[in-house]
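Colleague: Next up is a structure, given as structure tokens.
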Amino acid sequence: MNVMLGQVVCSKAGRDEGRIFIISGIVDDKYVFVSDGDLRRFENPKKKKIKHLDITSIIIESLTKKLNDSIKVTNAEIRKALAEVKEKSESGE
């Protein structure tokens, strides 16, 4: 399964089931690090198995660019981007 930094995913297993995250790091072909800027801050991401995530086609370009260039990403940026994604999905866009 191809995943990218900055891609939006939804947890389908574990305590955080139903929460949306961004992929903040890729460990290997089975594990990634996810952050939501709130409970899972960028400094302390959650290591999740890819098979426990619903992978969306949504990629947050601004965060992807920063993550690929090793530029600091703030938790506020992550929260704002995820809020916009959630708002768009609720409005049916």
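A note on labels: chains of the structure tokens are A, B, ... as shown, every chain counts residues from 1, and ligands are counted from 1 in their shown order.
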List every residue of chain A that DSSP, applied to the backbone of this structure, assigns to helix (DSSP H, G or I), and report them as a ChimeraX atom specification.

Modeller: /A:50-52,61-68,75-91

Colleague: If you count only C-alpha atoms, which residues fall within 12 Å of Asn2 (chain A), apart from same-chain ones fewer than 4 positions away, as number ranges by chain?

Modeller: A: 7, 23, 26, 28-32, 50-51, 55-57

Colleague: Could you take the residues named above and write them with N, CA, C and O atoms, as an mmCIF file, in the first residue's frame?

Modeller:
data_model
loop_
_atom_site.group_PDB
_atom_site.id
_atom_site.type_symbol
_atom_site.label_atom_id
_atom_site.label_comp_id
_atom_site.auth_asym_id
_atom_site.auth_seq_id
_atom_site.Cartn_x
_atom_site.Cartn_y
_atom_site.Cartn_z
ATOM 1 N N GLN A 7 -0.451 12.592 4.172
ATOM 2 C CA GLN A 7 -1.700 11.990 3.716
ATOM 3 C C GLN A 7 -2.651 11.826 4.902
ATOM 4 O O GLN A 7 -2.233 11.510 6.014
ATOM 5 N N ILE A 23 -0.235 11.325 8.195
ATOM 6 C CA ILE A 23 0.974 10.505 8.303
ATOM 7 C C ILE A 23 2.149 11.458 8.464
ATOM 8 O O ILE A 23 2.433 12.261 7.591
ATOM 9 N N ILE A 26 7.137 7.640 8.047
ATOM 10 C CA ILE A 26 6.996 6.284 7.515
ATOM 11 C C ILE A 26 8.128 5.443 8.080
ATOM 12 O O ILE A 26 9.302 5.774 7.890
ATOM 13 N N ASP A 28 8.320 1.696 7.884
ATOM 14 C CA ASP A 28 8.631 0.689 6.866
ATOM 15 C C ASP A 28 7.352 0.390 6.094
ATOM 16 O O ASP A 28 6.428 1.194 6.113
ATOM 17 N N ASP A 29 7.286 -0.782 5.446
ATOM 18 C CA ASP A 29 6.106 -1.078 4.636
ATOM 19 C C ASP A 29 4.900 -1.519 5.457
ATOM 20 O O ASP A 29 3.817 -1.697 4.914
ATOM 21 N N LYS A 30 5.052 -1.653 6.786
ATOM 22 C CA LYS A 30 3.935 -2.065 7.632
ATOM 23 C C LYS A 30 3.523 -1.014 8.661
ATOM 24 O O LYS A 30 2.395 -1.040 9.137
ATOM 25 N N TYR A 31 4.430 -0.114 9.013
ATOM 26 C CA TYR A 31 4.169 0.852 10.073
ATOM 27 C C TYR A 31 4.379 2.294 9.617
ATOM 28 O O TYR A 31 5.261 2.563 8.802
ATOM 29 N N VAL A 32 3.570 3.192 10.177
ATOM 30 C CA VAL A 32 3.736 4.631 9.964
ATOM 31 C C VAL A 32 3.550 5.339 11.300
ATOM 32 O O VAL A 32 3.018 4.762 12.254
ATOM 33 N N ILE A 50 -0.236 -0.030 9.171
ATOM 34 C CA ILE A 50 -0.983 0.486 8.024
ATOM 35 C C ILE A 50 -2.309 -0.249 7.865
ATOM 36 O O ILE A 50 -3.314 0.352 7.511
ATOM 37 N N LYS A 51 -2.342 -1.542 8.192
ATOM 38 C CA LYS A 51 -3.576 -2.303 8.026
ATOM 39 C C LYS A 51 -4.670 -1.862 8.996
ATOM 40 O O LYS A 51 -5.831 -2.184 8.808
ATOM 41 N N ILE A 55 -6.980 4.510 4.526
ATOM 42 C CA ILE A 55 -6.164 5.503 3.844
ATOM 43 C C ILE A 55 -7.038 6.251 2.849
ATOM 44 O O ILE A 55 -7.703 5.635 2.021
ATOM 45 N N THR A 56 -7.043 7.585 2.972
ATOM 46 C CA THR A 56 -7.836 8.403 2.055
ATOM 47 C C THR A 56 -6.953 8.849 0.902
ATOM 48 O O THR A 56 -5.734 8.689 0.936
ATOM 49 N N SER A 57 -7.575 9.445 -0.083
ATOM 50 C CA SER A 57 -6.816 9.982 -1.216
ATOM 51 C C SER A 57 -6.433 11.443 -0.971
ATOM 52 O O SER A 57 -5.830 12.076 -1.820
#

Colleague: Would you mind listing what lies within 10 Å of region 75-87 of chain A as a PyMOL selection string, with only C-alpha atoms counted and same-chain residues fewer than 2 positions away left out?

Modeller: chain A and resi 6+8+20-22+24+35-38+40-43+58-60+62-63+72-73+89-93

Colleague: Hey, what's within 7 Å of His52 (chain A) if we count only C-alpha atoms and toss same-chain stuff fewer than 5 positions away? As JSON, numbers by chain, please?

Modeller: {"A": [11, 12, 13]}

Colleague: So which one's closest to Arg15 (chain A), A:Glu61, A:Val3, A:Lys46, A:Ser70? Using only C-alpha atoms, please.

Modeller: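 For Arg15 (chain A), the nearest of the given residues is A:Lys46.
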
Colleague: Rounded to one decimal, what separation in Å do you get between CA of Leu5 (chain A) and CA of Gly18 (chain A)?

Modeller: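 Atom-to-atom, CA of Leu5 (chain A) to CA of Gly18 (chain A), that is 19.9 Å.
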
Colleague: In Å to one decimal, how far is CA of Asp16 (chain A) from CA of Asn44 (chain A)?

Modeller: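 That distance, rounded to one decimal, is 14.9 Å.
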
Colleague: Pick out the closest residue to Cys10 (chain A) from this set: A:Leu53, A:Ile71, A:Val27, A:Leu39. Count only C-alpha atoms.

Modeller: A:Leu53

Colleague: What is the distance, in Å and to one decimal place, between CA of Val9 (chain A) and CA of Lys49 (chain A)?

Modeller: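 Going from CA of Val9 (chain A) over to CA of Lys49 (chain A) covers 11.7 Å.
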
Colleague: Identify which of the residues A:Lys65, A:Met4, A:Lys88, A:Val34 lies closest to Lys47 (chain A), counting only C-alpha atoms when measuring atom-to-atom distances.

Modeller: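 For Lys47 (chain A), the nearest of the given residues is A:Val34.
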
Colleague: Taking the DSSP assignment computed from this structure's backbone, write out as a PyMOL selection string all residues of region 3-77 of chain A that belong to strand (DSSP E or B).

Modeller: chain A and resi 7-11+20-26+31-35+46-49+53-59
